[in-house]
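Okay, input_10.pdb now, which holds PDB, C-alpha atoms:
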```
ATOM      1  CA  MET A 223       0.000   0.000   0.000
ATOM      2  CA  ASP A 224       1.448   3.362  -1.059
ATOM      3  CA  SER A 225       1.454   6.103   1.518
ATOM      4  CA  ALA A 226       0.502   9.632   0.557
ATOM      5  CA  PRO A 227       3.473  11.687  -0.635
ATOM      6  CA  ILE A 228       4.881  14.026   1.965
ATOM      7  CA  ASN A 229       5.098  17.716   1.226
ATOM      8  CA  LEU A 230       7.708  19.573   3.256
ATOM      9  CA  THR A 231       7.145  22.985   1.651
ATOM     10  CA  HIS A 232       7.353  25.667   4.402
ATOM     11  CA  HIS A 233       9.128  23.243   6.754
ATOM     12  CA  PHE A 234      12.605  23.172   8.220
ATOM     13  CA  LEU A 235      14.952  20.286   7.584
ATOM     14  CA  ILE A 236      17.274  19.993  10.572
ATOM     15  CA  ALA A 237      20.467  18.037   9.940
ATOM     16  CA  MET A 238      21.034  15.083  12.252
ATOM     17  CA  PRO A 239      24.504  14.877  13.854
ATOM     18  CA  GLY A 240      25.445  11.928  11.606
ATOM     19  CA  LEU A 241      25.047  14.075   8.470
ATOM     20  CA  GLU A 242      28.637  15.011   7.741
ATOM     21  CA  ASP A 243      28.300  16.443   4.225
ATOM     22  CA  GLU A 244      30.179  19.759   4.439
ATOM     23  CA  ALA A 245      27.344  21.802   2.909
ATOM     24  CA  PHE A 246      24.739  20.387   5.291
ATOM     25  CA  ALA A 247      26.438  19.433   8.569
ATOM     26  CA  LYS A 248      24.528  21.053  11.469
ATOM     27  CA  SER A 249      22.366  22.972   9.004
ATOM     28  CA  VAL A 250      18.771  24.130   9.023
ATOM     29  CA  VAL A 251      17.188  24.263   5.568
ATOM     30  CA  TYR A 252      14.023  26.236   4.870
ATOM     31  CA  MET A 253      12.049  24.283   2.257
ATOM     32  CA  CYS A 254      10.710  26.570  -0.472
ATOM     33  CA  GLU A 255       9.257  23.786  -2.603
ATOM     34  CA  HIS A 256       8.743  20.039  -2.319
ATOM     35  CA  SER A 257       6.893  17.896  -4.807
ATOM     36  CA  ASP A 258       7.160  14.466  -6.403
ATOM     37  CA  ARG A 259       9.670  16.017  -8.852
ATOM     38  CA  GLY A 260      12.108  17.017  -6.118
ATOM     39  CA  ALA A 261      12.783  19.692  -3.538
ATOM     40  CA  LEU A 262      14.375  23.120  -3.233
ATOM     41  CA  GLY A 263      15.438  24.937  -0.082
ATOM     42  CA  LEU A 264      17.801  27.480   1.456
ATOM     43  CA  VAL A 265      20.231  26.813   4.301
ATOM     44  CA  ILE A 266      19.378  29.524   6.854
ATOM     45  CA  ASN A 267      22.247  29.157   9.327
ATOM     46  CA  LYS A 268      25.491  29.222   7.320
ATOM     47  CA  PRO A 269      26.613  32.812   6.731
ATOM     48  CA  SER A 270      29.109  33.521   3.963
ATOM     49  CA  ASP A 271      32.012  35.944   4.356
ATOM     50  CA  ILE A 272      30.080  38.770   2.650
ATOM     51  CA  ASN A 273      27.373  40.985   4.128
ATOM     52  CA  VAL A 274      24.374  42.520   2.341
ATOM     53  CA  LYS A 275      26.184  45.858   1.890
ATOM     54  CA  GLY A 276      29.104  43.999   0.259
ATOM     55  CA  LEU A 277      26.728  42.199  -2.084
ATOM     56  CA  PHE A 278      25.082  45.467  -3.106
ATOM     57  CA  ASP A 279      28.533  46.985  -3.751
ATOM     58  CA  LYS A 280      29.319  43.961  -5.927
ATOM     59  CA  VAL A 281      26.171  44.404  -8.049
ATOM     60  CA  GLU A 282      26.762  48.177  -8.115
ATOM     61  CA  LEU A 283      23.599  49.209  -6.301
ATOM     62  CA  PRO A 284      23.373  51.599  -3.344
ATOM     63  CA  LEU A 285      21.790  50.175  -0.208
ATOM     64  CA  ARG A 286      19.426  52.582   1.493
ATOM     65  CA  ARG A 287      18.284  50.126   4.148
ATOM     66  CA  ASP A 288      20.420  50.556   7.261
ATOM     67  CA  ASP A 289      18.615  47.612   8.876
ATOM     68  CA  LEU A 290      20.145  45.259   6.269
ATOM     69  CA  THR A 291      23.690  46.642   5.896
ATOM     70  CA  ASP A 292      25.452  44.281   8.304
ATOM     71  CA  ASN A 293      23.215  41.242   7.734
ATOM     72  CA  PRO A 294      25.201  38.319   6.379
ATOM     73  CA  VAL A 295      24.576  36.863   2.953
ATOM     74  CA  PHE A 296      24.074  33.142   3.511
ATOM     75  CA  GLN A 297      25.379  30.051   1.767
ATOM     76  CA  GLY A 298      21.979  28.778   0.703
ATOM     77  CA  GLY A 299      23.368  25.527  -0.620
ATOM     78  CA  PRO A 300      25.800  24.018  -3.081
ATOM     79  CA  VAL A 301      23.793  24.706  -6.282
ATOM     80  CA  GLN A 302      24.322  27.923  -8.331
ATOM     81  CA  THR A 303      26.502  29.516  -5.645
ATOM     82  CA  GLU A 304      27.066  32.663  -7.719
ATOM     83  CA  ARG A 305      23.335  33.363  -8.003
ATOM     84  CA  GLY A 306      21.364  35.365  -5.452
ATOM     85  CA  PHE A 307      18.170  34.176  -3.812
ATOM     86  CA  VAL A 308      16.077  36.530  -1.700
ATOM     87  CA  LEU A 309      13.601  35.023   0.723
ATOM     88  CA  HIS A 310      11.148  37.671   1.887
ATOM     89  CA  GLU A 311       7.692  38.236   3.227
ATOM     90  CA  SER A 312       4.977  38.442   0.613
ATOM     91  CA  MET A 313       4.328  42.068  -0.293
ATOM     92  CA  MET A 314       0.642  41.451  -0.992
ATOM     93  CA  PRO A 315      -0.469  38.054   0.340
ATOM     94  CA  GLY A 316      -2.912  36.357  -1.988
ATOM     95  CA  HIS A 317      -1.814  38.444  -4.982
ATOM     96  CA  GLU A 318       0.760  37.921  -7.691
ATOM     97  CA  SER A 319       4.228  39.034  -6.656
ATOM     98  CA  VAL A 320       5.434  42.516  -7.515
ATOM     99  CA  TYR A 321       8.828  41.012  -8.513
ATOM    100  CA  ALA A 322       9.631  39.271 -11.792
ATOM    101  CA  SER A 323      11.131  35.863 -10.936
ATOM    102  CA  THR A 324       9.332  34.929  -7.754
ATOM    103  CA  MET A 325       8.096  31.687  -6.246
ATOM    104  CA  SER A 326       5.224  32.044  -3.786
ATOM    105  CA  ILE A 327       5.559  29.792  -0.755
ATOM    106  CA  PRO A 328       2.598  28.868   1.435
ATOM    107  CA  GLY A 329       3.114  30.551   4.784
ATOM    108  CA  GLY A 330       3.399  34.130   3.531
ATOM    109  CA  LEU A 331       6.870  34.062   1.972
ATOM    110  CA  GLU A 332       8.256  34.491  -1.504
ATOM    111  CA  MET A 333      11.641  33.610  -2.964
ATOM    112  CA  THR A 334      12.826  36.016  -5.642
ATOM    113  CA  THR A 335      15.789  35.531  -7.961
ATOM    114  CA  SER A 336      15.390  38.646 -10.103
ATOM    115  CA  LYS A 337      17.382  41.823  -9.539
ATOM    116  CA  ASP A 338      14.234  43.958  -9.152
ATOM    117  CA  VAL A 339      13.903  43.002  -5.468
ATOM    118  CA  LEU A 340      17.477  44.258  -4.887
ATOM    119  CA  GLU A 341      16.663  47.433  -6.803
ATOM    120  CA  ALA A 342      13.635  48.007  -4.542
ATOM    121  CA  LEU A 343      15.821  47.511  -1.448
ATOM    122  CA  SER A 344      18.429  49.875  -2.891
ATOM    123  CA  THR A 345      15.865  52.697  -2.879
ATOM    124  CA  GLY A 346      14.973  52.040   0.748
ATOM    125  CA  ALA A 347      11.752  50.219  -0.171
ATOM    126  CA  GLY A 348      11.149  46.510  -0.736
ATOM    127  CA  PRO A 349      10.048  43.838   1.701
ATOM    128  CA  ARG A 350      10.571  44.544   5.401
ATOM    129  CA  LYS A 351      11.907  41.086   6.310
ATOM    130  CA  VAL A 352      14.615  39.803   3.984
ATOM    131  CA  PHE A 353      16.980  36.808   3.936
ATOM    132  CA  VAL A 354      19.646  36.835   1.195
ATOM    133  CA  SER A 355      21.623  33.800   0.058
ATOM    134  CA  LEU A 356      23.977  32.807  -2.676
ATOM    135  CA  GLY A 357      23.152  29.339  -3.935
ATOM    136  CA  TYR A 358      20.411  26.935  -2.974
ATOM    137  CA  SER A 359      19.891  23.330  -1.978
ATOM    138  CA  ALA A 360      18.166  20.889  -4.292
ATOM    139  CA  TRP A 361      17.130  17.265  -4.261
ATOM    140  CA  GLY A 362      16.077  15.238  -7.303
ATOM    141  CA  GLU A 363      12.986  13.065  -7.472
ATOM    142  CA  GLY A 364      12.878  10.766  -4.431
ATOM    143  CA  GLN A 365      16.297  11.901  -3.150
ATOM    144  CA  LEU A 366      15.055  13.829  -0.097
ATOM    145  CA  GLU A 367      12.622  11.046   0.799
ATOM    146  CA  SER A 368      15.552   8.608   0.724
ATOM    147  CA  GLU A 369      17.619  10.885   3.004
ATOM    148  CA  LEU A 370      14.669  11.096   5.399
ATOM    149  CA  LEU A 371      14.471   7.290   5.525
ATOM    150  CA  ASP A 372      18.207   7.242   6.319
ATOM    151  CA  ASN A 373      17.538   9.510   9.328
ATOM    152  CA  SER A 374      19.669  12.332   7.897
ATOM    153  CA  TRP A 375      17.071  15.002   8.691
ATOM    154  CA  LEU A 376      14.445  15.933  11.233
ATOM    155  CA  THR A 377      11.485  17.925   9.903
ATOM    156  CA  VAL A 378       9.259  20.500  11.546
ATOM    157  CA  PRO A 379       6.849  23.163  10.241
ATOM    158  CA  ALA A 380       8.811  26.392   9.754
ATOM    159  CA  ASP A 381       8.666  29.262  12.205
ATOM    160  CA  LEU A 382       9.524  32.527  10.436
ATOM    161  CA  ALA A 383      10.949  33.976  13.661
ATOM    162  CA  VAL A 384      13.817  31.471  13.356
ATOM    163  CA  ILE A 385      14.680  32.855   9.899
ATOM    164  CA  PHE A 386      14.173  36.567  10.482
ATOM    165  CA  ASP A 387      14.455  37.235  14.226
ATOM    166  CA  THR A 388      16.911  34.664  15.622
ATOM    167  CA  PRO A 389      20.680  35.240  15.722
ATOM    168  CA  VAL A 390      22.446  32.925  13.243
ATOM    169  CA  GLU A 391      24.335  30.952  15.880
ATOM    170  CA  GLN A 392      21.038  30.089  17.650
ATOM    171  CA  ARG A 393      19.008  28.968  14.620
ATOM    172  CA  TYR A 394      19.928  25.263  14.784
ATOM    173  CA  ASP A 395      18.998  25.018  18.467
ATOM    174  CA  LYS A 396      15.820  27.130  18.013
ATOM    175  CA  ALA A 397      14.701  24.865  15.145
ATOM    176  CA  LEU A 398      15.293  21.801  17.340
ATOM    177  CA  MET A 399      13.280  23.449  20.141
ATOM    178  CA  LEU A 400      10.286  23.519  17.784
ATOM    179  CA  LEU A 401      10.366  19.712  18.166
ATOM    180  CA  GLY A 402      10.957  19.912  21.917
ATOM    181  CA  LEU A 403      14.548  18.735  21.410
ATOM    182  CA  GLN A 404      18.007  19.978  22.309
ATOM    183  CA  SER A 405      21.158  19.066  20.389
ATOM    184  CA  TRP A 406      22.584  16.987  23.273
ATOM    185  CA  MET A 407      19.600  14.644  22.898
ATOM    186  CA  LEU A 408      20.583  13.645  19.352
ATOM    187  CA  SER A 409      22.853  10.703  18.682
ATOM    188  CA  PRO A 410      25.294  10.892  15.759
ATOM    189  CA  VAL A 411      24.458   7.256  15.013
ATOM    190  CA  ALA A 412      21.328   6.666  12.931
ATOM    191  CA  GLY A 413      18.950   4.017  14.184
ATOM    192  CA  HIS A 414      16.075   2.222  12.539
ATOM    193  CA  ALA A 415      13.100   0.852  14.462
TER     194      ALA A 415
END
```
Let me see whether you can do it: turn the structure in this file into structure tokens.
Amino acid sequence: MDSAPINLTHHFLIAMPGLEDEAFAKSVVYMCEHSDRGALGLVINKPSDINVKGLFDKVELPLRRDDLTDNPVFQGGPVQTERGFVLHESMMPGHESVYASTMSIPGGLEMTTSKDVLEALSTGAGPRKVFVSLGYSAWGEGQLESELLDNSWLTVPADLAVIFDTPVEQRYDKALMLLGLQSWMLSPVAGHA
């Protein structure tokens, strides 16, 4: 008997201690999309060595948002690491996005890959809550499900406060707390019942 497919869109994947892949060890991934064709997400707790101001300098745009200047740009994952991905609150929930290349995510977020969101931020406008990454994480058809069966990840519905309001170094532990867990409770050895 086939079970219904799981949909982890708008969930966190929390890396188990046994997951030693450099890109994902001790990571929290926000899932932007998950379907039978595969999955796409952004690692939310691995800052790069560049901040938002540095990124704007690189793309030759001014940044008129003092609240974002020192925010880190994150390593969203190992795919397309030169490309920017902006996770932000939906400007007009229930309506089509105001930005060109945007994926709407249930839960009130959008992920935009077009430069127009950066241009809006450069004028001092744009979405209030913003998470910027270079690169993303992707899984092919059935790949994430296989990793879940191998106990590589814990899953929990996403809490936007972890993405936008929690200091980077606390995000892994805060995500675990959503499950009532603390990192000392997790064994690095996977078990199967």
Check: Which is closer to Gly330 of chain A than all the others in A:Gly364, A:Leu285, A:Pro389, A:Pro349, using all atoms listed in the file?
Finding: A:Pro349
Item checked: Pick from A:Asn373, A:Ser257, A:Ser312, A:Thr231 nearest to Gly348 of chain A, counting all atoms listed in the file ->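 Using all atoms listed in the file, Gly348 of chain A sits closest to A:Ser312.
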Note to self: Using the chain letters and numbers from this file, what does the PyMOL selection byres ((chain A and resi 233) around 6) select? Give the answer as a VMD selection string.
What the structure shows: chain A and resid 230 to 232 234 253 378 to 380
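Minimum distance to Val274 of chain A across A:Val390, A:Thr345, A:Thr334, A:Phe353 (counting only C-alpha atoms) occurs at A:Phe353.
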Notebook entry, point to check: Between A:Phe246, A:Phe278, A:Tyr358, A:Tyr321, which is the closest to Pro300 of chain A once you count all atoms listed in the file?
Noted result: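 Checking each of A:Phe246, A:Phe278, A:Tyr358, A:Tyr321 against Pro300 of chain A, counting all atoms listed in the file, the winner is A:Tyr358.
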Checklist line | Nearest to Pro227 of chain A by atom-to-atom distance, counting all atoms listed in the file, from A:Asp292, A:Val265, A:Arg259, A:Arg393 | finding: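 Distance minimum relative to Pro227 of chain A lands on A:Arg259.
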Check: Using all atoms listed in the file, which of A:Leu371, A:Leu331, A:Ala245, A:Met238 sits nearest Arg350 of chain A?
Finding: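 Looking at the shortest contact to Arg350 of chain A, the residue is A:Leu331.
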Next item on the list: Enter the distance from atom CA of Ile327 of chain A to atom CA of Gly263 of chain A, in Å, rounded to one decimal.
Entry: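 Answer for the atom CA of Ile327 of chain A to atom CA of Gly263 of chain A separation: 11.0 Å.
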Check: Quick one, how far is atom CA of Gly306 of chain A from atom CA of Ser359 of chain A?
Finding: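 Answer for the atom CA of Gly306 of chain A to atom CA of Ser359 of chain A separation: 12.6 Å.
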Take the point (14.2, 24.8, 18.9) as written in the file and pick out every residue within 12 Å of it, counting all atoms listed in the file; give the list as a PDB file with C-alpha atoms, keeping the file's coordinate frame.
```pdb
ATOM      1  CA  PHE A 234      12.605  23.172   8.220  1.00  0.00           C
ATOM      2  CA  ILE A 236      17.274  19.993  10.572  1.00  0.00           C
ATOM      3  CA  VAL A 250      18.771  24.130   9.023  1.00  0.00           C
ATOM      4  CA  LEU A 376      14.445  15.933  11.233  1.00  0.00           C
ATOM      5  CA  THR A 377      11.485  17.925   9.903  1.00  0.00           C
ATOM      6  CA  VAL A 378       9.259  20.500  11.546  1.00  0.00           C
ATOM      7  CA  PRO A 379       6.849  23.163  10.241  1.00  0.00           C
ATOM      8  CA  ALA A 380       8.811  26.392   9.754  1.00  0.00           C
ATOM      9  CA  ASP A 381       8.666  29.262  12.205  1.00  0.00           C
ATOM     10  CA  ALA A 383      10.949  33.976  13.661  1.00  0.00           C
ATOM     11  CA  VAL A 384      13.817  31.471  13.356  1.00  0.00           C
ATOM     12  CA  THR A 388      16.911  34.664  15.622  1.00  0.00           C
ATOM     13  CA  GLN A 392      21.038  30.089  17.650  1.00  0.00           C
ATOM     14  CA  ARG A 393      19.008  28.968  14.620  1.00  0.00           C
ATOM     15  CA  TYR A 394      19.928  25.263  14.784  1.00  0.00           C
ATOM     16  CA  ASP A 395      18.998  25.018  18.467  1.00  0.00           C
ATOM     17  CA  LYS A 396      15.820  27.130  18.013  1.00  0.00           C
ATOM     18  CA  ALA A 397      14.701  24.865  15.145  1.00  0.00           C
ATOM     19  CA  LEU A 398      15.293  21.801  17.340  1.00  0.00           C
ATOM     20  CA  MET A 399      13.280  23.449  20.141  1.00  0.00           C
ATOM     21  CA  LEU A 400      10.286  23.519  17.784  1.00  0.00           C
ATOM     22  CA  LEU A 401      10.366  19.712  18.166  1.00  0.00           C
ATOM     23  CA  GLY A 402      10.957  19.912  21.917  1.00  0.00           C
ATOM     24  CA  LEU A 403      14.548  18.735  21.410  1.00  0.00           C
ATOM     25  CA  GLN A 404      18.007  19.978  22.309  1.00  0.00           C
ATOM     26  CA  SER A 405      21.158  19.066  20.389  1.00  0.00           C
TER      27      SER A 405
END
```
Next item on the list: Convert the output of the PyMOL selection byres ((chain A and resi 351) around 12) on the shown file into explicit residues, formatted as a VMD selection string.
Entry: chain A and resid 287 289 to 290 293 308 to 313 330 to 333 343 347 to 350 352 to 354 382 to 383 385 to 387
Notebook entry, point to check: So what does the PyMOL selection byres ((chain A and resi 322) around 10) actually pick up in this one, as a list in words?
Noted result: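 Written out, the selection comes to Glu318, Ser319, Val320, Tyr321, Ser323, Thr324, Met325, Thr334, Thr335, Ser336, Lys337, Asp338 and Val339 of chain A.
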Next item on the list: Work out how far atom CA of Phe307 of chain A is from atom CA of Ser374 of chain A, in Å to one decimal.
Entry: 24.8 Å
Surrounding residues of Ala261 of chain A excluding itself and chain neighbours under 5 positions, 8 Å, all atoms listed in the file, as a PDB file with C-alpha atoms, keeping the file's coordinate frame:
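As a result, out34.pdb now contains:
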```
ATOM      1  CA  MET A 253      12.049  24.283   2.257  1.00  0.00           C
ATOM      2  CA  CYS A 254      10.710  26.570  -0.472  1.00  0.00           C
ATOM      3  CA  GLU A 255       9.257  23.786  -2.603  1.00  0.00           C
ATOM      4  CA  HIS A 256       8.743  20.039  -2.319  1.00  0.00           C
ATOM      5  CA  ALA A 360      18.166  20.889  -4.292  1.00  0.00           C
ATOM      6  CA  TRP A 361      17.130  17.265  -4.261  1.00  0.00           C
ATOM      7  CA  GLY A 362      16.077  15.238  -7.303  1.00  0.00           C
ATOM      8  CA  GLU A 363      12.986  13.065  -7.472  1.00  0.00           C
ATOM      9  CA  LEU A 366      15.055  13.829  -0.097  1.00  0.00           C
TER      10      LEU A 366
END
```
